[in-house]
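A.B. asks: Take this structure first; my questions come after.
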Amino acid sequence: MSRVLVVGSGIAGLSLALDAVAAGHEVTVVTKGELGQSNTRYAQGGVAAALFPDDSVASHVSDTLAAGAGLCDPEAVRVLCAEGPDRIRELIDLGVAFDTHDGELAHGLEAAHSFPRILHAGGDATGAAISSALVARLRERDVAVHEHAFLLALRTEAGPGTRVVGAEVELDGGARVLLDADAVVLATGGAGQLYPFTSNPAAATGDGVACAARAGARLADVELYQFHPTTLALPGNFLVSEAVRGEGAVLRNAAGERFMADVDGAELAPRDVVARAVFAEMDRQGGVPVVLDATALGAEFLAARFPSIDAAVRAAGLDWAAEPVPVTPAAHYWMGGVATDLWGRTSVPGLLAIGECARTGVHGANRLASNSLLEGAVFADRAARALGDLDSWPTPGSLPGTVLADTPAAPALATSVPFTRAALQQLMWDAVGLVRDGEGLAAAVATLDAWAASAPAATDRASHEDANLLLLARACARAAADRPRSVGAHHRSDDPATARTPQLAAATR
Ligand SMILES: Cc1cc2nc3c(=O)[nH]c(=O)nc-3n(C[C@H](O)[C@H](O)[C@H](O)COP(=O)(O)OP(=O)(O)OC[C@H]3O[C@@H](n4cnc5c(N)ncnc54)[C@H](O)[C@@H]3O)c2cc1C
């Protein structure tokens, strides 16, 4: 039996905690807000799995590899797609009420899937249904839970090699404590707050990934950030799920023309393709958002199939059954993160990472829609099994990526713009966003380095989050500068193969 400290309570952390306590481990969960607060809660469209008679694991694998644009780890993808159906059955056993149709599980289509294999719950409230069920089960178990508690740093112990032995955590009320553990499992989610426009909630500041980097863990693919093509072009960037396009909604420009019709896959092409097409179309029309036309679906269907989106759209004063609604891309999902093997083990013994904060290799350069909830469930199960043998660990060199300490510090240049979170987000949007080039990336790295050289020490939670975002922005900008060719979500306008993509001036966004 091991003492296991789980940081984060989305699908990955909650699933891991339930599995670990069932296996007899002593489990503590630390989470930034309430147990039910996470990106998971906001997931709309659903979770993909090859569960239906005409579908196959091979088809799910093939779609995932194609969307990943050549950068997926094929073995990780095979694990995800082959083990996914069992994890879905377990979620159902734990009380997740997926929607049904004529007594069978309902299943919809999303972009770049060749089969309608997306299960959903509450119409478009899949993440909330999963989160509520898992939180309810966790509260029934013998697990120590610290809500409103903030991971400040991982504790390491030097021996023959560095090992993670616990964490420093700020508890609700402000007391700072050291929590000892035989294993720490990071399940801290993504970092949408690197950008000013994001579908992610405010808590998505990449804390776990930044703490892992400081503890010496390898990070990989950090330059690969997915932008969702259709968030409402209004403050808050509320997501309008791909499932809406899966049901037949189309994208139109200011002239009312469909601009995706001639693209392979049309509105259901891979996410990076649609996001860049929206970005380019906005550029052509002077920054004015494009529109999503769901009028053909009818008011009754929209309200029944997409109740959360329907409510959000109507709360914004729009009637999407009667007229198209303005949409724009926003930062959505981080393909990169803490490099792990297929058991969630990082390059530092004692430290595991699962869910969006991990880079398992399943998403490559572009995540296939609805594969991330599945990744959280599949790799939580595997990491829980790995907790049974903490003496066995992969050699660091067997994992991809780089270690922060090995990154040479650039000479700090003066910058006239003072460091604030808003300034960092704008810089990331302008230079490390949907379309990048070498000149912009070099300038971004110089500015970020200058901010890092003069940043005051973090004191409270907000300044810890800022420091984490700064560390990650530097890693992301450097990695983007080091990848000169466009691939998936990483799109370089100075790559001769993709040079004709127009830049969208930030001011017009
Ligand atoms: C609007 C939206 C819609 C989406 N729709 C879908 C979809 O339909 N299908 C799909 O597959 N994916 C979807 N995604 C992506 C998916 O929701 C996430 O990738 C997934 O839920 C991540 O799960 P996770 O458990 O790894 O992390 P999260 O669910 O993000 O949980 C992270 C947890 O870590 C905690 N945490 C973070 N930092 C700290 C800290 N310093 N100290 C303590 N705790 C901390 C947070 O509070 C949170 O509890 C969507 C995402 C968004 C934002």
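Labels for the structure tokens follow display order: chains A, B, ..., residues from 1 in each chain, ligands from 1.
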Mind checking which residues fall within 12 Å of range 100-102 of chain A, counting only C-alpha atoms, ignoring those fewer than 3 positions away in the same chain, and posting them as a list in words?

C.D. replies: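 Counting only C-alpha atoms, the residues come to Val96, Ala97, Leu105, Ala106, His107, Gly108, Ile118, Leu119, His120, Ala121, Gly122, Gly123 and Arg305 of chain A.
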
A.B. asks: May I ask you to write as a VMD selection string all residues lying at most 7 Å from ligand 1, with only C-alpha atoms and all ligand atoms counted?

C.D. replies: chain A and resid 7 to 13 30 to 33 35 to 47 126 to 127 149 to 152 187 to 190 199 to 201 203 to 208 238 to 239 241 332 to 333 354 to 357 369 to 374 376

A.B. asks: May I have the selected residues written with C-alpha atoms, as a PDB file, in the first residue's frame?

C.D. replies:
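Writing done, so here's again00.pdb:
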ATOM      1  CA  VAL A   7      -3.504  16.827  -7.548  1.00  0.00           C
ATOM      2  CA  GLY A   8      -6.628  17.767  -9.503  1.00  0.00           C
ATOM      3  CA  SER A   9     -10.196  16.540  -9.634  1.00  0.00           C
ATOM      4  CA  GLY A  10     -11.234  16.360 -13.280  1.00  0.00           C
ATOM      5  CA  ILE A  11     -11.959  13.055 -14.971  1.00  0.00           C
ATOM      6  CA  ALA A  12      -8.303  11.995 -14.677  1.00  0.00           C
ATOM      7  CA  GLY A  13      -7.764  12.785 -10.983  1.00  0.00           C
ATOM      8  CA  VAL A  30      -5.819  18.179  -3.427  1.00  0.00           C
ATOM      9  CA  THR A  31      -7.782  20.442  -5.739  1.00  0.00           C
ATOM     10  CA  LYS A  32      -7.823  24.147  -6.499  1.00  0.00           C
ATOM     11  CA  GLY A  33     -11.558  24.724  -6.227  1.00  0.00           C
ATOM     12  CA  LEU A  35     -14.132  18.781  -6.252  1.00  0.00           C
ATOM     13  CA  GLY A  36     -16.500  19.321  -9.167  1.00  0.00           C
ATOM     14  CA  GLN A  37     -14.608  22.295 -10.603  1.00  0.00           C
ATOM     15  CA  SER A  38     -12.447  21.411 -13.598  1.00  0.00           C
ATOM     16  CA  ASN A  39     -12.255  21.625 -17.384  1.00  0.00           C
ATOM     17  CA  THR A  40     -13.986  18.250 -17.327  1.00  0.00           C
ATOM     18  CA  ARG A  41     -17.132  19.881 -16.024  1.00  0.00           C
ATOM     19  CA  TYR A  42     -17.336  22.072 -19.156  1.00  0.00           C
ATOM     20  CA  ALA A  43     -16.942  19.280 -21.701  1.00  0.00           C
ATOM     21  CA  GLN A  44     -19.933  19.338 -23.979  1.00  0.00           C
ATOM     22  CA  GLY A  45     -19.802  17.151 -27.070  1.00  0.00           C
ATOM     23  CA  GLY A  46     -18.928  13.875 -25.469  1.00  0.00           C
ATOM     24  CA  VAL A  47     -16.521  11.032 -25.260  1.00  0.00           C
ATOM     25  CA  THR A 126     -21.293  15.262 -20.894  1.00  0.00           C
ATOM     26  CA  GLY A 127     -18.488  16.570 -18.698  1.00  0.00           C
ATOM     27  CA  ALA A 149      -6.040  23.861  -1.892  1.00  0.00           C
ATOM     28  CA  PHE A 150      -3.266  24.934  -4.230  1.00  0.00           C
ATOM     29  CA  LEU A 151      -0.208  22.973  -5.349  1.00  0.00           C
ATOM     30  CA  LEU A 152       2.761  25.327  -4.885  1.00  0.00           C
ATOM     31  CA  ALA A 187      -4.026  15.579 -12.957  1.00  0.00           C
ATOM     32  CA  THR A 188      -4.033  19.347 -13.167  1.00  0.00           C
ATOM     33  CA  GLY A 189      -5.416  19.829 -16.677  1.00  0.00           C
ATOM     34  CA  GLY A 190      -4.475  22.357 -19.347  1.00  0.00           C
ATOM     35  CA  SER A 199     -12.754  28.077 -23.830  1.00  0.00           C
ATOM     36  CA  ASN A 200     -11.076  27.054 -20.554  1.00  0.00           C
ATOM     37  CA  PRO A 201     -12.104  28.254 -17.091  1.00  0.00           C
ATOM     38  CA  ALA A 203      -8.251  27.743 -13.135  1.00  0.00           C
ATOM     39  CA  ALA A 204      -6.548  26.369 -16.262  1.00  0.00           C
ATOM     40  CA  THR A 205      -3.124  27.900 -15.611  1.00  0.00           C
ATOM     41  CA  GLY A 206      -0.940  24.832 -16.174  1.00  0.00           C
ATOM     42  CA  ASP A 207       0.268  24.725 -12.562  1.00  0.00           C
ATOM     43  CA  GLY A 208       1.036  21.016 -12.503  1.00  0.00           C
ATOM     44  CA  PHE A 238     -18.425  30.108 -24.647  1.00  0.00           C
ATOM     45  CA  LEU A 239     -17.778  26.949 -26.630  1.00  0.00           C
ATOM     46  CA  SER A 241     -19.416  22.198 -29.618  1.00  0.00           C
ATOM     47  CA  HIS A 332      -8.921  25.014 -26.184  1.00  0.00           C
ATOM     48  CA  TYR A 333      -6.695  22.021 -25.556  1.00  0.00           C
ATOM     49  CA  ILE A 354      -2.433  11.871 -16.399  1.00  0.00           C
ATOM     50  CA  GLY A 355      -5.117  13.634 -18.419  1.00  0.00           C
ATOM     51  CA  GLU A 356      -4.590  16.941 -20.189  1.00  0.00           C
ATOM     52  CA  CYS A 357      -1.445  17.851 -18.211  1.00  0.00           C
ATOM     53  CA  ALA A 369     -12.489  15.614 -30.941  1.00  0.00           C
ATOM     54  CA  SER A 370     -13.772  13.831 -27.813  1.00  0.00           C
ATOM     55  CA  ASN A 371     -10.577  11.858 -27.271  1.00  0.00           C
ATOM     56  CA  SER A 372      -9.463  13.807 -24.190  1.00  0.00           C
ATOM     57  CA  LEU A 373     -12.101  12.655 -21.736  1.00  0.00           C
ATOM     58  CA  LEU A 374     -11.280   9.160 -22.947  1.00  0.00           C
ATOM     59  CA  GLY A 376      -8.245  10.855 -18.827  1.00  0.00           C
TER      60      GLY A 376
END

A.B. asks: I want to know what sits within 9 Å of Trp429 in chain A, based on only C-alpha atoms, with residues of the same chain fewer than 5 positions away left out; could you give that as a ChimeraX atom specification?

C.D. replies: /A:194-197,331,424,434,506

A.B. asks: May I have the residues from that selection written out with C-alpha atoms, as a PDB file, in the first residue's frame?

C.D. replies:
ATOM      1  CA  LEU A 194      -1.883  31.264 -21.655  1.00  0.00           C
ATOM      2  CA  TYR A 195      -4.165  33.030 -24.139  1.00  0.00           C
ATOM      3  CA  PRO A 196      -6.621  35.938 -23.809  1.00  0.00           C
ATOM      4  CA  PHE A 197      -9.301  34.020 -25.733  1.00  0.00           C
ATOM      5  CA  ALA A 331      -7.383  28.299 -27.201  1.00  0.00           C
ATOM      6  CA  LEU A 424       1.640  37.637 -21.559  1.00  0.00           C
ATOM      7  CA  LEU A 434      -2.873  29.947 -34.532  1.00  0.00           C
ATOM      8  CA  ALA A 506      -4.519  40.890 -33.108  1.00  0.00           C
TER       9      ALA A 506
END

A.B. asks: Would you mind writing down, as a list in words, each residue of range 330-394 of chain A that DSSP on the backbone assigns to alpha helix (DSSP H)?

C.D. replies: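 Assigned to alpha helix (DSSP H), within range 330-394 of chain A: Ser372, Leu373, Leu374, Glu375, Gly376, Ala377, Val378, Phe379, Ala380, Asp381, Arg382, Ala383, Ala384, Arg385 and Ala386 of chain A.
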
A.B. asks: Residues within 12 Å of Gly174 in chain A, please, as a PyMOL selection string. Count only C-alpha atoms; anything in the same chain fewer than 2 positions from it doesn't count.

C.D. replies: chain A and resi 148-152+169-172+176-177+459-461
